[in-house]
There are 4 protein chains.
Amino acid sequence: MKEFTPTKKRYLEVRKLTEDLCKPLNEEDLTIQPIEDVSPPKWHLAHTTWFFETFILIPHYHNYKVFNENFNYIFNSYYENKGKRILKANRGNMSRPSAQEVFDYRKYIDAKIIEVIEKDYFDIPKIGFFLELGLNHEQQHQELLVTDIKYILGNNPLLPAYNKPFEMNEYSQDDTYTSFKEGIYEVGHGSENFFFDNERPRHKTYLHSYKIMNRLVTNSEYLEFIKDGSYSNFNLWLSDGWAWLNNIKISKPLYWHEIDGEWHYYTLSGLRRIDPNAPVTHISFYEAEAFARWAGKRLPTEQEWEVAASELANCQNANLLNLDKLQPVNKSNKNNQFIGDVWEWTNSSYLPYPNYKKDDGALGEYNGKFMINQMVLRGGSCATPVDHVRITYRNFFQTDKRWQFTGIRLAENG
Amino acid sequence: MKEFTPTKKRYLEVRKLTEDLCKPLNEEDLTIQPIEDVSPPKWHLAHTTWFFETFILIPHYHNYKVFNENFNYIFNSYYENKGKRILKANRGNMSRPSAQEVFDYRKYIDAKIIEVIEKDYFDIPKIGFFLELGLNHEQQHQELLVTDIKYILGNNPLLPAYNKPFEMNEYSQDDTYTSFKEGIYEVGHGSENFFFDNERPRHKTYLHSYKIMNRLVTNSEYLEFIKDGSYSNFNLWLSDGWAWLNNIKISKPLYWHEIDGEWHYYTLSGLRRIDPNAPVTHISFYEAEAFARWAGKRLPTEQEWEVAASELANCQNANLLNLDKLQPVNKSNKNNQFIGDVWEWTNSSYLPYPNYKKDDGALGEYNGKFMINQMVLRGGSCATPVDHVRITYRNFFQTDKRWQFTGIRLAENG
Amino acid sequence: MKEFTPTKKRYLEVRKLTEDLCKPLNEEDLTIQPIEDVSPPKWHLAHTTWFFETFILIPHYHNYKVFNENFNYIFNSYYENKGKRILKANRGNMSRPSAQEVFDYRKYIDAKIIEVIEKDYFDIPKIGFFLELGLNHEQQHQELLVTDIKYILGNNPLLPAYNKPFEMNEYSQDDTYTSFKEGIYEVGHGSENFFFDNERPRHKTYLHSYKIMNRLVTNSEYLEFIKDGSYSNFNLWLSDGWAWLNNIKISKPLYWHEIDGEWHYYTLSGLRRIDPNAPVTHISFYEAEAFARWAGKRLPTEQEWEVAASELANCQNANLLNLDKLQPVNKSNKNNQFIGDVWEWTNSSYLPYPNYKKDDGALGEYNGKFMINQMVLRGGSCATPVDHVRITYRNFFQTDKRWQFTGIRLAENG
Amino acid sequence: MKEFTPTKKRYLEVRKLTEDLCKPLNEEDLTIQPIEDVSPPKWHLAHTTWFFETFILIPHYHNYKVFNENFNYIFNSYYENKGKRILKANRGNMSRPSAQEVFDYRKYIDAKIIEVIEKDYFDIPKIGFFLELGLNHEQQHQELLVTDIKYILGNNPLLPAYNKPFEMNEYSQDDTYTSFKEGIYEVGHGSENFFFDNERPRHKTYLHSYKIMNRLVTNSEYLEFIKDGSYSNFNLWLSDGWAWLNNIKISKPLYWHEIDGEWHYYTLSGLRRIDPNAPVTHISFYEAEAFARWAGKRLPTEQEWEVAASELANCQNANLLNLDKLQPVNKSNKNNQFIGDVWEWTNSSYLPYPNYKKDDGALGEYNGKFMINQMVLRGGSCATPVDHVRITYRNFFQTDKRWQFTGIRLAENG
């Protein structure tokens, strides 16, 4: 593995973006946790900082003085190897430390990490990797910040706006499928750039002939699915999905509101009419899978997706994290939406690749221990930092999760 | 019923105390709701204001313009007659309106209510009563503010302090019981002062001879109960209480911490060693009732308590809401603790008095609809506003509640 | 206390009735537990037997050989002093011991107890009392057998009948109230006959003038309450009751079915049209209390009920446990329904009488430990054994229970 | 697809085995449902019969008269296309129909189905397939009968035996691994024999080199895992598994009891010391996966398992359903345990094969709608009917299930 050595500039840019994302929020927005999946923005600000303190400063910085002994308990997320921590559901019950203290914490850690970078600690084994991991980790939390902020505001009866509305470009609809032939393909991360362990090793896989859509499913298409009574047609649903939707009474995507017979949704710039040509988003795997069945298609596997994206993805104008947007947009001629806009549910379970090796200790907790009962999503979303996603990137969520920017690309047998 | 006409001075004083109580808090403290029983301080600030808006301004103020149409949905507590409202458990999920908006809301309403008082709207039937009710309602929420703030801070791993420590006066222990003879007594509210409907009518009741303690049970006495293994001796507990404590693993009062073999508790001035002579507090009815059994005594009924307090209560130096204390204190010679310090669990269920009449509509929802499955507490606590409590006052909580300042006075058959 | 000495004849009669009640059942009916409140009939058969074994034979019978060492674990109900036991909810998971083994167990114990009676063990202190307690205990379980059998069959989609339909006598409606004057009355058990400790001591109480109805509320009256939209009118309900009925979607008494616009109910002789003049039954305290409010009346207190019944109750033709009926019947001229038909909800919490003493050890667990969060019912029902109930008898259930034969008698201020 | 035409002889044999399995049970055993996963044996007897009635007699038998109109509601399992049904958790609350009625139901249906077979209805499209499907369906329920009976008896404090103990053959331990080379393999059902749709189509897959163990993991090996503190070492567990075991306090396989320091387990012939060389069974996927990690190995994928079994499986003496055993046995030289003994957890999610087609309507509900959040198990167990399992057979359960005969075969990278 090549040793990574992030520059001070890159470090500061990533750290700044996290804080920029929180600028439109008041202290109250930073603090609450309306559902267990959503963490308080203040917690993200502190946890990403704790990550650098815990994995770099405490083990490697000479005579390091911990900022606050209690923070390990409050800001550890799920690293059993790093000790006890508050229950995830209690993150929103922490009015202290205050936002100000958390920003002070960030400053304190940043100063120390800059020292590490400037004083060239890079002879310490793996320190460059951990720095880079810390930045990638923070980028993952930037995406969660966006989706958690959206939930915090979108769940509020006042539906407050976070940014300004932007104008949607014109849409050029074309509904074509690209075919791929049966045979052996290679998937997985193979370059020298940064990767997460779950993307490795690059390996051969056998695919049967298939076709894949050159864009994402739109709101207007999804509306047809709704109007066709699909949420009450059990034949379209997996058994677990049918139980799920009847249990919590789901009949539309998250954030959709029917007001006087017109469909609206909450976006980060406020409530607006749904844009018919924009990709549908905030749907569960169950809904994506049922939509595909209704449409007479299916979801692609993650291997099919990766092989197709490797060949087809045009990343020009990819709609990734941009503080002025944060909403999926219409397909353009230049962009087939493989990268950005919405995470695309695949019909693949999140499992280890052949010859995958889980690291020991806390690092091994990063990805490996989650490889069960989750489905893989690919491609990044309008909330993913620009230099964070790649074609081999494997995201994963449980089948009922909807607060991420999730959507649908269809496939069919070739 | 005498018509009430609160003065501007009194109105402003009550309203100011609510805001004073929130001064030591930051915006985050104002916002969170760590358990369903606890409401965010911001919610209390707004709900008490909503009460004046809903019951006085909207029906009676000419051409009244509602401050914000959404606030009825967000700040109605439990008045079915006043429309839908967010679930109680979601109060802590409201980062908006911000604290600043809530303070603006208070100013807006205060200006209008002052107008009502100054322009002498008192020919409107019952408006004086509703003003006085609004102030008494706000005083009840002042008490809840104290207990909810205590939970918000005392539940935080950092255990932050709210006020400064104060010195406990010396204690003069005397453990005497006063006897009362069998016979007919009168209880209930009979004067022309303000009252809640549940205190009425004043009526005769038959009591059997009994004795009642002249002070509250102390921490050192409660510690003996703990050390005697009482939390694992089923014979001391009501069946429901035994199930309750085994289910949630209770073995000490709320806020108690055993640190290196020494007992401490969280107070609003921070963590400190328990004061052996101060009244035990933050215990459930189950614990109070089991303690009494362990001590070979029993809890008094509410009638026994009221008859005794009518004769014995020395309210000099009563330890009621005082921003510099907010903690029960030792008994002094002048004060037998009937009023203030802690709410005293009685062995009486909260039920209507003979000939009680529940009002129609929203007003009838104030007290009457809660008359089931709760126990009566008497006497006020160190968090009760000074002019709010009286000997006939009936407080009530479910048997498992511990976040109020609750305590024990013993009785026995005479 | 007078020493009790039940005769062999009485012992055998009580024991036989329990078995007679089970005759119409098959092994499967004897075994299941469709809800936690309902115990399997087989469990009742064994538990009542375990009671004699545990409280009489094990401590007092010389060289007693326990029938099966495991039965204490399986058939102890709630006596913490008698060791561990299976969770109540698991009683229906015991296919073994088989019904046959349980009947063998009964025979084994009966033979030994008869010996105790015949060989005159009555110089052992309290043994007569425990024998009599065992018989009264068994009679309580006979009532539970009837209500549990009704639930087992009435919850089955096949709605199988247990006995044959009987013809309802003609009804003589008269809707009068009897007045009682304000003053001191005596209530509680005072004779030398058997009693439960919760009925003692007889004591003075002060009542305000009141009126009480001379019959029970009927199905047709209750139907008016339903038709008036009462199940969706929050102003009629206690707050807890409103939450309860919305949570589990209650809109009619237990066992009622609306079939093609006609109201039916399941009775132990099968499904039939509701009889308009028979007393309404299988309603919760919440429903009884709301009905009374709707009718402009209230429920009586247990003291009011007892004073009235002492004067008025005409027990001729009381409709108590009769294998050919087991359903409340119309009021006749001779019977004002104070005794039998349905247990009457009072607005009194189940709490100790003045100077009540809870016994030590297992015996103290019989009644005292349940004195919280339950309401008192009076008068016995069509499932209560004939010689078991009396005017001072205090039954008690939680406010949401409906599987007992529960009903309503109205009262009002005098 | 070849048309299937089961003979009368085969039909009667399969049907008889189901009844034979129930012979050692009493009516009570036939009726109860101690946990939701376990269905009452009576329910299995009726549901398998309902399957023939619903899919063959009702649509195809001329003038068919339904046995009992209510049975569709009671005995439909999960076929949404066949109407409403009782909740799965309520199956154990059905004391009626009685066991006798269910056996009568079986006779009634058998007579009609024999007519169908004898009168040669086989020109009706798919009727042969449905008959064969009905028999395979019944065989699946035979396996469930064994595991459910084991739970019903093994959960009972009396631990009653179902059959007689048998002697375990001597064990020949050899711990070898067989290697497979990287390359393209074929998996899936390809012959003309009966199959379930989830086994199709046969297709190519790419495997990386791997090794697979020639026997199952034994109790003594699993005991080492326990003794090594593995149930409290979070590094061995998937995150969900760690939460699961801490939530329900798991520290050993289902049915294991530590008695006076010695490990025993409940078998269908009663409680006995664990046999060190027999395969460990009644473990969840989480436990299987953690064991493999502890052993420095991994679980095979279902493709790896199938390729290996195709080459290696020696089915001589396969320990499949045998009323005299019903317990996994030691490996012999002739049998490497691929078939029989225990279902082997693989690390493959239950998902559709490439080009899988789900049938329309009720038939499509048989397998396809369960393809989410379950893991594949292979090889059959000691409770699988002899002619029911095959190398391509895909069984599937959620990751926390333990009441099936489940076990472990290890693999490693080649």
# chains A, B, ... in the order shown; residues from 1 in each chain; ligands from 1

$ select_by_dssp --residues "region 33-216 of chain C" --states "strand (DSSP E)" --output "ChimeraX atom specification"
/C:177-180,183-187,203-207,210-213

$ write_last_selection --atoms "C-alpha atoms" --output "CSV table (one decimal), in the first residue's frame"
chain,number,residue,atom,x,y,z
C,177,TYR,CA,-82.8,6.0,42.3
C,178,THR,CA,-82.7,5.5,46.1
C,179,SER,CA,-81.4,8.4,48.2
C,180,PHE,CA,-79.0,8.3,51.1
C,183,GLY,CA,-73.6,11.3,57.6
C,184,ILE,CA,-71.4,8.7,59.2
C,185,TYR,CA,-71.8,5.1,58.1
C,186,GLU,CA,-70.0,1.8,58.8
C,187,VAL,CA,-68.5,-0.3,56.1
C,203,HIS,CA,-64.9,1.1,60.2
C,204,LYS,CA,-66.7,4.4,60.1
C,205,THR,CA,-66.8,6.6,57.0
C,206,TYR,CA,-68.4,9.9,56.1
C,207,LEU,CA,-70.7,10.0,53.1
C,210,TYR,CA,-76.2,10.6,47.1
C,211,LYS,CA,-78.6,8.6,45.0
C,212,ILE,CA,-78.0,5.2,43.5
C,213,MET,CA,-79.8,3.3,40.7

$ interface_residues --of "chain A" --to "chain B" --cutoff "12 Å" --atoms "only C-alpha atoms" --output "number ranges by chain"
A: 25-36, 38-42, 68-75, 85-86, 89-101, 149, 151-161

$ residues_around --residues "Leu216 (chain C)" --least-positions-apart "6" --cutoff "8 Å" --atoms "only C-alpha atoms" --output "ChimeraX atom specification"
/C:279-280,331,336-337,407-410

$ write_last_selection --atoms "N, CA and C atoms" --output "mmCIF file, in the first residue's frame"
data_model
loop_
_atom_site.group_PDB
_atom_site.id
_atom_site.type_symbol
_atom_site.label_atom_id
_atom_site.label_comp_id
_atom_site.auth_asym_id
_atom_site.auth_seq_id
_atom_site.Cartn_x
_atom_site.Cartn_y
_atom_site.Cartn_z
ATOM 1 N N PRO C 279 -77.947 -6.593 31.276
ATOM 2 C CA PRO C 279 -76.896 -5.638 31.661
ATOM 3 C C PRO C 279 -75.735 -5.671 30.665
ATOM 4 N N VAL C 280 -75.229 -4.507 30.343
ATOM 5 C CA VAL C 280 -74.025 -4.471 29.510
ATOM 6 C C VAL C 280 -72.873 -5.042 30.330
ATOM 7 N N LYS C 331 -83.091 -7.663 34.866
ATOM 8 C CA LYS C 331 -83.556 -7.397 36.207
ATOM 9 C C LYS C 331 -84.988 -7.925 36.368
ATOM 10 N N ASN C 336 -82.597 -6.565 42.416
ATOM 11 C CA ASN C 336 -82.050 -5.297 41.919
ATOM 12 C C ASN C 336 -80.594 -5.403 41.487
ATOM 13 N N GLN C 337 -80.128 -6.630 41.375
ATOM 14 C CA GLN C 337 -78.839 -6.897 40.741
ATOM 15 C C GLN C 337 -77.623 -6.397 41.516
ATOM 16 N N GLY C 407 -69.635 -4.429 34.763
ATOM 17 C CA GLY C 407 -70.745 -3.604 34.299
ATOM 18 C C GLY C 407 -70.869 -2.316 35.089
ATOM 19 N N ILE C 408 -72.044 -1.690 34.968
ATOM 20 C CA ILE C 408 -72.231 -0.322 35.463
ATOM 21 C C ILE C 408 -73.523 -0.183 36.271
ATOM 22 N N ARG C 409 -73.397 0.430 37.454
ATOM 23 C CA ARG C 409 -74.550 0.971 38.177
ATOM 24 C C ARG C 409 -74.253 2.457 38.388
ATOM 25 N N LEU C 410 -75.221 3.306 38.084
ATOM 26 C CA LEU C 410 -74.992 4.745 38.160
ATOM 27 C C LEU C 410 -75.331 5.308 39.534
#

$ residues_around --residues "Gln374 (chain B)" --least-positions-apart "2" --cutoff "12 Å" --atoms "only C-alpha atoms" --output "ChimeraX atom specification"
/B:284-286,345-352,367,369-372,376-377,394-401 /C:239-240,349,372-375

$ residues_around --residues "Leu144 (chain D)" --least-positions-apart "3" --cutoff "8 Å" --atoms "only C-alpha atoms" --output "PyMOL selection string"
chain D and resi 140-141+147-148+383+404

$ residues_around --residues "Leu323 (chain D)" --least-positions-apart "5" --cutoff "10 Å" --atoms "only C-alpha atoms" --output "PDB file with N, CA, C and O atoms, in the first residue's frame"
ATOM      1  N   LEU D  17     -46.204 -39.981   6.817  1.00  0.00           N
ATOM      2  CA  LEU D  17     -45.046 -39.611   7.629  1.00  0.00           C
ATOM      3  C   LEU D  17     -45.377 -38.404   8.519  1.00  0.00           C
ATOM      4  O   LEU D  17     -44.990 -38.339   9.688  1.00  0.00           O
ATOM      5  N   ASP D  20     -47.224 -39.736  11.347  1.00  0.00           N
ATOM      6  CA  ASP D  20     -46.341 -40.538  12.207  1.00  0.00           C
ATOM      7  C   ASP D  20     -45.508 -39.642  13.121  1.00  0.00           C
ATOM      8  O   ASP D  20     -45.273 -39.958  14.285  1.00  0.00           O
ATOM      9  N   LEU D  21     -45.081 -38.523  12.569  1.00  0.00           N
ATOM     10  CA  LEU D  21     -44.268 -37.608  13.377  1.00  0.00           C
ATOM     11  C   LEU D  21     -45.022 -37.112  14.596  1.00  0.00           C
ATOM     12  O   LEU D  21     -44.428 -36.760  15.611  1.00  0.00           O
ATOM     13  N   VAL D 146     -40.488 -31.397  13.184  1.00  0.00           N
ATOM     14  CA  VAL D 146     -39.458 -31.919  14.082  1.00  0.00           C
ATOM     15  C   VAL D 146     -38.863 -30.803  14.919  1.00  0.00           C
ATOM     16  O   VAL D 146     -38.748 -30.905  16.147  1.00  0.00           O
ATOM     17  N   TYR D 162     -39.166 -37.448  23.441  1.00  0.00           N
ATOM     18  CA  TYR D 162     -40.047 -37.713  22.305  1.00  0.00           C
ATOM     19  C   TYR D 162     -39.786 -39.110  21.753  1.00  0.00           C
ATOM     20  O   TYR D 162     -40.702 -39.825  21.388  1.00  0.00           O
ATOM     21  N   ASN D 163     -38.524 -39.483  21.679  1.00  0.00           N
ATOM     22  CA  ASN D 163     -38.201 -40.843  21.227  1.00  0.00           C
ATOM     23  C   ASN D 163     -37.170 -41.446  22.179  1.00  0.00           C
ATOM     24  O   ASN D 163     -36.844 -40.848  23.206  1.00  0.00           O
ATOM     25  N   LYS D 164     -36.662 -42.620  21.821  1.00  0.00           N
ATOM     26  CA  LYS D 164     -35.723 -43.293  22.716  1.00  0.00           C
ATOM     27  C   LYS D 164     -34.288 -42.897  22.385  1.00  0.00           C
ATOM     28  O   LYS D 164     -33.970 -42.641  21.223  1.00  0.00           O
ATOM     29  N   LEU D 268     -34.147 -34.787  21.445  1.00  0.00           N
ATOM     30  CA  LEU D 268     -35.511 -35.311  21.420  1.00  0.00           C
ATOM     31  C   LEU D 268     -35.660 -36.589  22.221  1.00  0.00           C
ATOM     32  O   LEU D 268     -36.768 -37.028  22.510  1.00  0.00           O
ATOM     33  N   CYS D 382     -30.746 -33.537  10.029  1.00  0.00           N
ATOM     34  CA  CYS D 382     -31.298 -34.784  10.553  1.00  0.00           C
ATOM     35  C   CYS D 382     -32.815 -34.733  10.667  1.00  0.00           C
ATOM     36  O   CYS D 382     -33.441 -35.700  11.102  1.00  0.00           O
ATOM     37  N   ALA D 383     -33.427 -33.595  10.290  1.00  0.00           N
ATOM     38  CA  ALA D 383     -34.887 -33.477  10.311  1.00  0.00           C
ATOM     39  C   ALA D 383     -35.452 -33.327   8.899  1.00  0.00           C
ATOM     40  O   ALA D 383     -36.660 -33.151   8.734  1.00  0.00           O
TER      41      ALA D 383
END

$ closest_residue --among "C:Asp197, C:Glu138, C:Asp360, C:Asp104" --to "Tyr393 (chain C)" --atoms "only C-alpha atoms"
C:Asp197

$ residues_around --residues "Leu223 (chain C)" --least-positions-apart "4" --cutoff "9 Å" --atoms "only C-alpha atoms" --output "PyMOL selection string"
chain C and resi 218-219+227-228+252+276

$ atom_distance --atom1 "CA of Ala243 (chain A)" --atom2 "CA of Asp37 (chain C)"
27.5 Å

$ closest_residue --among "D:Asp260, D:Asp174, D:Val14, D:Asn81" --to "Gly364 (chain D)" --atoms "only C-alpha atoms"
D:Asn81

$ atom_distance --atom1 "CA of Ser232 (chain A)" --atom2 "CA of Trp244 (chain A)"
12.3 Å

$ select_by_dssp --residues "region 106-201 of chain D" --states "helix (DSSP H, G or I)" --output "ChimeraX atom specification"
/D:106-118,127-154,197-199
